[in-house]
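Enquirer: Dropping in my_file.cif, which is mmCIF, C-alpha atoms:
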data_input
loop_
_atom_site.label_atom_id
_atom_site.label_comp_id
_atom_site.auth_asym_id
_atom_site.auth_seq_id
_atom_site.Cartn_x
_atom_site.Cartn_y
_atom_site.Cartn_z
CA MET A 94 52.39 34.35 73.99
CA PRO A 95 51.01 37.14 76.21
CA ARG A 96 48.22 36.13 78.57
CA THR A 97 44.97 38.02 78.26
CA GLY A 98 41.81 38.13 80.30
CA ARG A 99 39.90 35.97 77.83
CA ARG A 100 37.96 32.98 79.06
CA ALA A 101 39.23 29.43 78.83
CA GLY A 102 37.26 28.40 75.73
CA ASP A 103 38.83 31.12 73.60
CA ALA A 104 41.78 29.12 72.34
CA GLY A 105 39.41 26.51 70.92
CA THR A 106 37.22 29.12 69.24
CA ARG A 107 40.23 30.81 67.69
CA GLU A 108 41.46 27.46 66.34
CA THR A 109 38.02 26.69 64.92
CA ILE A 110 37.99 30.03 63.10
CA LEU A 111 41.51 29.45 61.79
CA ALA A 112 40.62 26.00 60.48
CA ALA A 113 37.51 27.40 58.79
CA ALA A 114 39.57 30.23 57.29
CA ARG A 115 42.16 27.80 55.95
CA ALA A 116 39.42 25.74 54.29
CA GLU A 117 37.67 28.80 52.88
CA PHE A 118 40.89 30.36 51.51
CA ALA A 119 41.77 27.02 49.90
CA ALA A 120 38.29 26.64 48.38
CA SER A 121 37.61 30.19 47.22
CA GLY A 122 41.02 31.83 46.95
CA TYR A 123 42.08 34.90 48.89
CA SER A 124 40.16 37.51 46.92
CA ALA A 125 36.80 35.74 46.90
CA ALA A 126 36.93 34.49 50.50
CA THR A 127 34.85 36.62 52.90
CA ILE A 128 34.77 36.92 56.68
CA ARG A 129 31.06 36.07 56.46
CA ALA A 130 31.73 32.78 54.65
CA ILE A 131 34.50 31.90 57.10
CA ALA A 132 32.20 32.60 60.04
CA ARG A 133 29.54 30.41 58.44
CA ARG A 134 32.02 27.52 58.13
CA ALA A 135 33.08 28.01 61.75
CA LEU A 136 29.43 28.22 62.89
CA VAL A 137 30.10 31.51 64.66
CA ASP A 138 28.90 35.07 64.26
CA PRO A 139 31.07 37.24 61.96
CA ALA A 140 31.52 39.65 64.88
CA LEU A 141 33.38 36.90 66.73
CA VAL A 142 35.85 36.60 63.86
CA TYR A 143 36.56 40.32 64.21
CA HIS A 144 37.01 39.80 67.95
CA TYR A 145 40.11 37.69 67.22
CA PHE A 146 41.37 39.12 63.92
CA ALA A 147 41.45 42.75 62.82
CA ASP A 148 40.63 42.05 59.18
CA LYS A 149 40.87 39.49 56.37
CA SER A 150 44.56 40.05 55.77
CA SER A 151 45.41 39.52 59.47
CA LEU A 152 43.32 36.36 59.49
CA PHE A 153 45.06 35.09 56.37
CA VAL A 154 48.51 35.67 57.82
CA ALA A 155 47.43 33.86 61.00
CA THR A 156 46.42 30.81 58.95
CA LEU A 157 49.99 30.55 57.70
CA ASP A 158 51.30 29.89 61.19
CA MET A 159 49.96 26.43 61.89
CA PRO A 160 50.62 23.97 59.08
CA ALA A 161 53.64 25.79 57.78
CA ASP A 162 55.89 27.05 60.52
CA PRO A 163 58.86 28.51 58.66
CA ARG A 164 61.13 27.70 61.58
CA SER A 165 61.01 24.08 60.49
CA ILE A 166 62.61 25.17 57.22
CA ARG A 167 65.38 26.99 58.98
CA ASN A 168 65.96 24.04 61.25
CA ALA A 169 66.27 21.82 58.21
CA THR A 170 69.24 23.85 57.05
CA GLN A 171 70.98 23.14 60.32
CA ALA A 172 70.54 19.37 60.19
CA SER A 173 73.14 16.97 58.89
CA GLY A 174 73.09 15.48 55.40
CA SER A 175 72.70 17.60 52.25
CA PRO A 176 71.37 20.88 53.59
CA GLY A 177 70.23 22.12 50.19
CA ALA A 178 68.17 19.04 49.47
CA MET A 179 66.59 19.12 52.93
CA LEU A 180 65.72 22.79 52.56
CA VAL A 181 64.10 22.20 49.16
CA GLU A 182 62.13 19.18 50.30
CA GLY A 183 61.06 20.85 53.56
CA PHE A 184 59.97 24.00 51.75
CA LEU A 185 57.88 22.20 49.13
CA ALA A 186 56.44 19.62 51.54
CA GLN A 187 54.75 22.39 53.50
CA TRP A 188 52.71 23.42 50.46
CA GLU A 189 51.64 19.88 49.70
CA SER A 190 50.21 18.92 53.09
CA GLY A 191 47.24 21.31 53.41
CA PRO A 192 43.63 20.98 52.26
CA GLY A 193 42.92 20.84 48.53
CA GLN A 194 45.28 19.60 45.84
CA PRO A 195 49.03 19.72 46.53
CA GLY A 196 50.32 23.26 46.24
CA ARG A 197 46.88 24.82 46.67
CA SER A 198 48.04 26.73 49.74
CA PHE A 199 50.91 28.27 47.72
CA VAL A 200 48.49 29.36 45.00
CA THR A 201 46.30 30.97 47.66
CA LEU A 202 49.34 32.70 49.15
CA ALA A 203 50.35 33.99 45.71
CA GLN A 204 46.84 35.38 45.20
CA ALA A 205 46.85 37.00 48.60
CA VAL A 206 50.24 38.69 48.44
CA SER A 207 49.75 39.88 44.86
CA SER A 208 46.28 41.28 45.65
CA SER A 209 47.07 42.98 48.94
CA PRO A 210 50.20 44.99 49.77
CA GLU A 211 49.20 44.64 53.44
CA VAL A 212 49.33 40.85 53.22
CA ALA A 213 52.63 41.02 51.35
CA ARG A 214 54.11 43.21 54.07
CA SER A 215 52.74 41.00 56.84
CA VAL A 216 54.11 37.83 55.23
CA ARG A 217 57.48 39.49 54.69
CA GLU A 218 57.67 40.51 58.34
CA PHE A 219 56.43 37.11 59.47
CA LEU A 220 59.03 35.26 57.40
CA GLY A 221 61.67 37.79 58.33
CA ASP A 222 61.09 37.22 62.04
CA ARG A 223 61.02 33.47 61.76
CA ILE A 224 63.57 32.55 59.13
CA TRP A 225 66.04 35.37 59.18
CA GLU A 226 66.12 36.01 62.92
CA GLY A 227 69.67 36.12 64.17
CA ARG A 228 71.18 36.54 60.73
CA ASN A 229 73.71 39.28 60.26
CA THR A 230 71.82 41.81 58.18
CA ALA A 231 74.90 44.03 57.91
CA ASP A 232 76.66 41.42 55.75
CA VAL A 233 75.69 42.67 52.29
CA GLU A 234 77.08 39.72 50.35
CA LEU A 235 75.25 37.27 52.61
CA GLY A 236 72.08 39.30 52.12
CA TRP A 237 72.35 38.87 48.36
CA ARG A 238 73.01 35.16 48.76
CA TRP A 239 69.91 34.73 50.91
CA ASN A 240 67.96 36.73 48.38
CA ALA A 241 69.07 34.31 45.66
CA VAL A 242 68.08 31.33 47.82
CA SER A 243 64.65 32.70 48.64
CA ALA A 244 64.12 33.68 45.00
CA GLN A 245 65.04 30.16 43.93
CA LEU A 246 62.60 28.57 46.39
CA VAL A 247 59.73 30.92 45.57
CA GLY A 248 60.34 30.54 41.84
CA LEU A 249 60.45 26.76 42.25
CA ALA A 250 57.03 26.73 43.93
CA TRP A 251 55.70 29.14 41.34
CA ASN A 252 56.91 26.95 38.44
CA ARG A 253 55.61 23.75 40.04
CA TYR A 254 52.23 24.87 41.38
CA ILE A 255 51.20 27.81 39.21
CA PHE A 256 52.91 27.42 35.83
CA ARG A 257 53.15 23.63 36.14
CA LEU A 258 56.35 23.58 34.11
CA GLU A 259 57.75 20.18 33.26
CA PRO A 260 59.75 18.25 34.30
CA LEU A 261 59.18 20.02 37.62
CA ALA A 262 55.41 19.66 37.88
CA SER A 263 55.42 15.86 37.68
CA ALA A 264 58.62 15.15 39.59
CA SER A 265 58.59 13.68 43.09
CA LEU A 266 59.65 15.84 46.01
CA GLN A 267 62.68 13.63 46.41
CA GLU A 268 63.79 14.03 42.80
CA ILE A 269 63.36 17.80 43.01
CA ALA A 270 65.34 17.88 46.25
CA THR A 271 68.15 15.89 44.63
CA ARG A 272 68.20 18.12 41.54
CA VAL A 273 67.76 21.53 43.18
CA GLY A 274 69.63 20.87 46.43
CA PRO A 275 73.04 21.47 44.78
CA VAL A 276 71.67 24.69 43.29
CA ILE A 277 70.75 25.98 46.75
CA GLU A 278 74.14 25.00 48.13
CA SER A 279 75.96 26.79 45.34
CA LEU A 280 73.86 29.90 45.99
CA LEU A 281 74.69 29.78 49.69
CA ILE A 282 78.34 28.86 49.70
CA GLY A 283 79.47 28.45 46.08
CA ASP A 284 81.88 30.58 44.11
CA LEU A 285 79.46 33.20 42.85
CA ALA A 286 81.89 35.81 44.11
CA ALA A 287 81.43 39.48 44.53
CA PRO A 288 81.04 41.06 41.10
CA ALA A 289 84.47 41.29 39.47
CA THR A 290 85.33 44.44 37.58
CA GLU A 291 87.25 44.03 34.33
CA GLY A 292 90.81 42.89 34.79
CA ASP A 293 90.05 42.01 38.39
CA ASN A 294 90.28 38.27 38.86
CA SER A 295 90.32 38.27 42.61
CA GLU A 296 90.38 34.85 44.20
CA PRO A 297 87.45 33.73 46.31
CA SER A 298 88.32 33.61 49.97
CA MET B 295 50.48 37.47 10.47
CA PRO B 296 47.67 35.90 8.42
CA ARG B 297 45.57 38.28 6.35
CA THR B 298 41.85 38.28 7.01
CA GLY B 299 38.94 39.96 5.32
CA ARG B 300 38.64 42.58 8.03
CA ARG B 301 38.59 46.22 7.11
CA ALA B 302 41.63 48.44 7.29
CA GLY B 303 40.74 50.15 10.58
CA ASP B 304 40.74 46.87 12.53
CA ALA B 305 44.38 46.87 13.51
CA GLY B 306 43.96 50.27 15.11
CA THR B 307 40.84 49.20 17.00
CA ARG B 308 42.56 46.10 18.33
CA GLU B 309 45.51 48.21 19.49
CA THR B 310 43.15 50.67 21.18
CA ILE B 311 41.46 47.83 23.06
CA LEU B 312 44.83 46.36 24.08
CA ALA B 313 46.05 49.72 25.38
CA ALA B 314 42.81 50.16 27.35
CA ALA B 315 43.11 46.63 28.73
CA ARG B 316 46.70 47.24 29.81
CA ALA B 317 45.66 50.41 31.64
CA GLU B 318 42.64 48.73 33.25
CA PHE B 319 44.59 45.66 34.39
CA ALA B 320 47.26 47.96 35.86
CA ALA B 321 44.67 50.10 37.64
CA SER B 322 42.26 47.44 38.91
CA GLY B 323 44.27 44.22 38.95
CA TYR B 324 43.35 41.12 36.99
CA SER B 325 40.46 39.91 39.16
CA ALA B 326 38.62 43.21 39.41
CA ALA B 327 39.12 44.30 35.79
CA THR B 328 36.07 43.73 33.60
CA ILE B 329 35.52 43.61 29.84
CA ARG B 330 32.91 46.32 30.34
CA ALA B 331 35.40 48.66 32.03
CA ILE B 332 38.00 47.96 29.35
CA ALA B 333 35.46 48.72 26.62
CA ARG B 334 34.56 51.95 28.37
CA ARG B 335 38.22 53.02 28.46
CA ALA B 336 38.57 52.14 24.76
CA LEU B 337 35.32 54.00 23.91
CA VAL B 338 33.95 50.91 22.16
CA ASP B 339 31.05 48.55 22.73
CA PRO B 340 31.86 45.48 24.88
CA ALA B 341 30.72 43.29 21.96
CA LEU B 342 33.61 44.65 19.92
CA VAL B 343 36.08 43.47 22.60
CA TYR B 344 34.63 39.98 22.25
CA HIS B 345 34.99 40.27 18.48
CA TYR B 346 38.76 40.35 18.93
CA PHE B 347 39.31 38.38 22.14
CA ALA B 348 37.51 35.25 23.31
CA ASP B 349 37.47 36.17 26.99
CA LYS B 350 39.27 38.12 29.72
CA SER B 351 42.10 35.62 30.03
CA SER B 352 42.82 35.72 26.27
CA LEU B 353 42.78 39.49 26.36
CA PHE B 354 45.15 39.53 29.31
CA VAL B 355 47.62 37.23 27.59
CA ALA B 356 47.45 39.41 24.48
CA THR B 357 48.41 42.46 26.55
CA LEU B 358 51.63 40.71 27.51
CA ASP B 359 52.79 40.67 23.90
CA MET B 360 53.41 44.32 23.27
CA PRO B 361 55.52 45.97 25.95
CA ALA B 362 57.19 42.77 27.00
CA ASP B 363 58.15 40.56 24.11
CA PRO B 364 60.01 37.67 25.75
CA ARG B 365 62.09 37.19 22.62
CA SER B 366 64.04 40.26 23.60
CA ILE B 367 65.06 38.37 26.75
CA ARG B 368 66.22 35.37 24.79
CA ASN B 369 68.12 37.60 22.41
CA ALA B 370 69.87 39.20 25.36
CA THR B 371 71.31 35.83 26.31
CA GLN B 372 72.88 35.59 22.87
CA ALA B 373 74.53 38.98 22.92
CA SER B 374 78.12 39.59 23.92
CA GLY B 375 79.17 40.79 27.36
CA SER B 376 77.97 39.15 30.57
CA PRO B 377 74.94 37.15 29.44
CA GLY B 378 73.65 36.63 32.97
CA ALA B 379 73.68 40.33 33.81
CA MET B 380 71.99 41.20 30.51
CA LEU B 381 69.30 38.59 31.05
CA VAL B 382 68.58 39.87 34.56
CA GLU B 383 68.47 43.52 33.51
CA GLY B 384 66.37 42.76 30.41
CA PHE B 385 63.92 40.67 32.40
CA LEU B 386 63.40 43.25 35.14
CA ALA B 387 63.38 46.26 32.80
CA GLN B 388 60.29 44.89 31.08
CA TRP B 389 58.31 45.04 34.31
CA GLU B 390 59.39 48.59 35.05
CA SER B 391 58.44 50.25 31.79
CA GLY B 392 54.63 49.88 31.79
CA PRO B 393 51.90 52.10 33.23
CA GLY B 394 51.69 52.49 37.00
CA GLN B 395 54.55 52.19 39.44
CA PRO B 396 57.58 50.06 38.45
CA GLY B 397 56.76 46.37 38.72
CA ARG B 398 52.99 46.96 38.62
CA SER B 399 52.67 44.77 35.51
CA PHE B 400 54.40 41.89 37.30
CA VAL B 401 52.03 42.20 40.25
CA THR B 402 49.10 42.10 37.83
CA LEU B 403 50.59 39.04 36.12
CA ALA B 404 51.02 37.34 39.50
CA GLN B 405 47.38 38.05 40.35
CA ALA B 406 46.21 36.76 37.00
CA VAL B 407 48.16 33.49 36.91
CA SER B 408 47.41 32.67 40.54
CA SER B 409 43.69 33.38 40.09
CA SER B 410 43.15 31.61 36.79
CA PRO B 411 44.60 28.25 35.73
CA GLU B 412 43.66 29.19 32.14
CA VAL B 413 45.84 32.30 32.28
CA ALA B 414 48.67 30.32 33.88
CA ARG B 415 48.50 27.75 31.09
CA SER B 416 48.34 30.43 28.40
CA VAL B 417 51.33 32.29 29.82
CA ARG B 418 53.28 29.06 30.12
CA GLU B 419 52.58 28.20 26.48
CA PHE B 420 53.29 31.75 25.38
CA LEU B 421 56.64 31.83 27.16
CA GLY B 422 57.40 28.30 26.06
CA ASP B 423 56.89 29.21 22.40
CA ARG B 424 58.89 32.39 22.56
CA ILE B 425 61.74 31.70 24.94
CA TRP B 426 62.28 28.01 24.75
CA GLU B 427 61.65 27.51 21.03
CA GLY B 428 64.42 25.50 19.46
CA ARG B 429 65.76 24.25 22.77
CA ASN B 430 66.41 20.56 23.09
CA THR B 431 63.63 19.43 25.39
CA ALA B 432 65.02 15.90 25.44
CA ASP B 433 68.08 17.11 27.37
CA VAL B 434 66.92 16.49 30.93
CA GLU B 435 69.84 18.17 32.65
CA LEU B 436 69.44 21.27 30.51
CA GLY B 437 65.73 21.27 31.34
CA TRP B 438 66.53 21.38 35.05
CA ARG B 439 69.07 24.15 34.50
CA TRP B 440 66.51 26.25 32.63
CA ASN B 441 64.03 25.56 35.37
CA ALA B 442 66.51 26.92 37.92
CA VAL B 443 67.10 30.02 35.77
CA SER B 444 63.41 30.74 35.31
CA ALA B 445 62.77 30.10 39.01
CA GLN B 446 65.55 32.55 39.91
CA LEU B 447 64.11 35.26 37.63
CA VAL B 448 60.51 34.81 38.75
CA GLY B 449 61.57 34.71 42.39
CA LEU B 450 63.67 37.83 41.88
CA ALA B 451 60.68 39.74 40.52
CA TRP B 452 58.49 38.38 43.33
CA ASN B 453 60.96 39.50 46.01
CA ARG B 454 61.45 42.94 44.42
CA TYR B 455 57.90 43.86 43.42
CA ILE B 456 55.64 41.89 45.76
CA PHE B 457 57.56 41.23 48.97
CA ARG B 458 59.80 44.29 48.52
CA LEU B 459 62.68 42.55 50.27
CA GLU B 460 65.77 44.62 50.91
CA PRO B 461 68.40 45.18 49.63
CA LEU B 462 66.67 44.06 46.43
CA ALA B 463 63.69 46.43 46.49
CA SER B 464 65.76 49.62 46.59
CA ALA B 465 68.67 48.53 44.39
CA SER B 466 69.13 49.88 40.87
CA LEU B 467 68.59 47.55 37.92
CA GLN B 468 72.29 47.77 37.19
CA GLU B 469 73.31 46.73 40.70
CA ILE B 470 70.89 43.80 40.63
CA ALA B 471 72.21 42.75 37.23
CA THR B 472 75.78 42.87 38.52
CA ARG B 473 74.90 40.89 41.65
CA VAL B 474 72.55 38.30 40.17
CA GLY B 475 74.18 37.92 36.75
CA PRO B 476 76.86 35.53 38.10
CA VAL B 477 74.08 33.52 39.80
CA ILE B 478 72.31 33.04 36.47
CA GLU B 479 75.56 32.06 34.76
CA SER B 480 76.37 29.50 37.41
CA LEU B 481 72.87 28.04 37.05
CA LEU B 482 73.29 27.77 33.28
CA ILE B 483 76.85 26.58 32.91
CA GLY B 484 78.34 26.21 36.39
CA ASP B 485 79.37 22.99 38.08
CA LEU B 486 76.06 22.10 39.69
CA ALA B 487 76.46 18.66 38.18
CA ALA B 488 73.90 15.98 37.71
CA PRO B 489 73.07 14.48 41.08
CA ALA B 490 75.79 11.94 41.80
CA THR B 491 74.65 8.62 43.17
CA GLU B 492 77.06 7.18 45.70
CA GLY B 493 80.25 6.00 44.11
CA ASP B 494 79.27 7.59 40.79
CA ASN B 495 81.53 10.52 39.96
CA SER B 496 80.63 10.95 36.33
CA GLU B 497 82.24 13.94 34.67
CA PRO B 498 80.14 16.75 33.29
CA SER B 499 80.22 16.82 29.50
#
Would you write out, as structure tokens, the structure that this file holds?

Expert:
Amino acid sequence: MPRTGRRAGDAGTRETILAAARAEFAASGYSAATIRAIARRALVDPALVYHYFADKSSLFVATLDMPADPRSIRNATQASGSPGAMLVEGFLAQWESGPGQPGRSFVTLAQAVSSSPEVARSVREFLGDRIWEGRNTADVELGWRWNAVSAQLVGLAWNRYIFRLEPLASASLQEIATRVGPVIESLLIGDLAAPATEGDNSEPS
Amino acid sequence: MPRTGRRAGDAGTRETILAAARAEFAASGYSAATIRAIARRALVDPALVYHYFADKSSLFVATLDMPADPRSIRNATQASGSPGAMLVEGFLAQWESGPGQPGRSFVTLAQAVSSSPEVARSVREFLGDRIWEGRNTADVELGWRWNAVSAQLVGLAWNRYIFRLEPLASASLQEIATRVGPVIESLLIGDLAAPATEGDNSEPS
């Protein structure tokens, strides 16, 4: 983190604004939340919010950093045990720990990224830096596998928190991890194979 | 379709309102679109919109029916050829045929279902009636497989239209279908297996 000339109390003020923003986004949703309402919750002047954050979308992306550091997801995939189950449980647990009902923060994220291309781009870059750092982006097949994994996780959260599809909506995190973990593993390392053309039954390496 | 006592011109008026609503939702997004603006586009009085549709969420769900009948997706899975590839291409093609840039209707749907629990419930019931009708809901394993398939499709659309992740965002529908088709097939019929408890190696049926 680069050092700036700001005074010592700044870190606390920034955290206060972030906490207020998280609460306001959870309560009102991304579209209806305003910088003014966030400033009111934080008991600061709106101008001070703009001192730390360029605009609402920047502030929203900053709120994603604290309770839900994506690096913890990536680390989960490197732990021992069933990596798929740990990834699923770690991914979902992050959305169920914030303010409001479980999954509220995912619903707010979905609102934000679908309402604002700027937020969508920021979140993509944020996740790209954190989760995919160090991956070999030149490996096309691996890129498609990671796409399938991220699609599966996003779709899982969508079905659980937004569509509330059963049996998913009522299942425990542990049951979901046990059920969907093998799916993730097959997407990552299973025999999905490069697309075979007709008459080409090449063996998986 | 049940016959009512309405006059002959009604079907045309309803279609005009639906077309105006589709255009307005695509242009303004779900949250910002108003019944008044839709009525203005349709050149009718707002009261006439309420004659046909109870509220904005009902109207939105009705707009989903026309360009994107989910039954065509289900039918695709019953056709010959690679069912996974056909399902993927059919699913994505529906979001790329409407007004606005390709995928705009999915972005609007994402806004709507994440902003309104009523819309989310309506869409869930709508899709449930159309796609899952006749499926054996008592088959728990099959339920989890269909959950994985729907999560994969929703996540695919999310990554392509909202996050614009590469290589997905720039790929042709046909390339995506070729790449993701085998994923869908493995989710539906592959050896993901029911979660084995320790010492329990039951065979898949």

Enquirer: Enumerate as a PyMOL selection string the residues belonging to chain A that approach chain B to within 6 Å, with all atoms listed in the file taken into account.

Expert: chain A and resi 200+204+207+213+217+244-245+247-249+256+275+285

Enquirer: Residues of the last selection are to be written out with C-alpha atoms, as a compact mmCIF listing (two decimals), keeping the file's coordinate frame.

Expert:
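Listing of part31.txt after writing:
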# COMPACT_ATOMS: atom_id res chain seq x y z
CA VAL A 200 48.49 29.36 45.00
CA GLN A 204 46.84 35.38 45.20
CA SER A 207 49.75 39.88 44.86
CA ALA A 213 52.63 41.02 51.35
CA ARG A 217 57.48 39.49 54.69
CA ALA A 244 64.12 33.68 45.00
CA GLN A 245 65.04 30.16 43.93
CA VAL A 247 59.73 30.92 45.57
CA GLY A 248 60.34 30.54 41.84
CA LEU A 249 60.45 26.76 42.25
CA PHE A 256 52.91 27.42 35.83
CA PRO A 275 73.04 21.47 44.78
CA LEU A 285 79.46 33.20 42.85

Enquirer: Would you please work out which residue, of B:Leu482, B:Arg335, B:Ala341, B:Gly384, is nearest to Ala321 in chain B when using all atoms listed in the file?

Expert: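 Among the listed residues, the smallest separation from Ala321 in chain B belongs to B:Arg335.
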
Enquirer: The PyMOL selection byres ((chain B and resi 333) around 12) on the file shown: which residues, as a ChimeraX atom specification?

Expert: /B:307-308,310-318,327-332,334-347,350,353

Enquirer: Enter the distance from CA of Ala320 in chain B to CA of Glu412 in chain B, in Å, rounded to one decimal.

Expert: 19.5 Å

Enquirer: So the first atom is CA of Trp440 in chain B and the second is CA of Ser376 in chain B; what is the distance between them in Å, to one decimal place?

Expert: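 Separating CA of Trp440 in chain B from CA of Ser376 in chain B is a distance of 17.4 Å.
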
Enquirer: Please indicate the distance in Å from CA of Asp433 in chain B to CA of Glu383 in chain B, rounded to one decimal place.

Expert: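 Those two atoms sit 27.1 Å apart.
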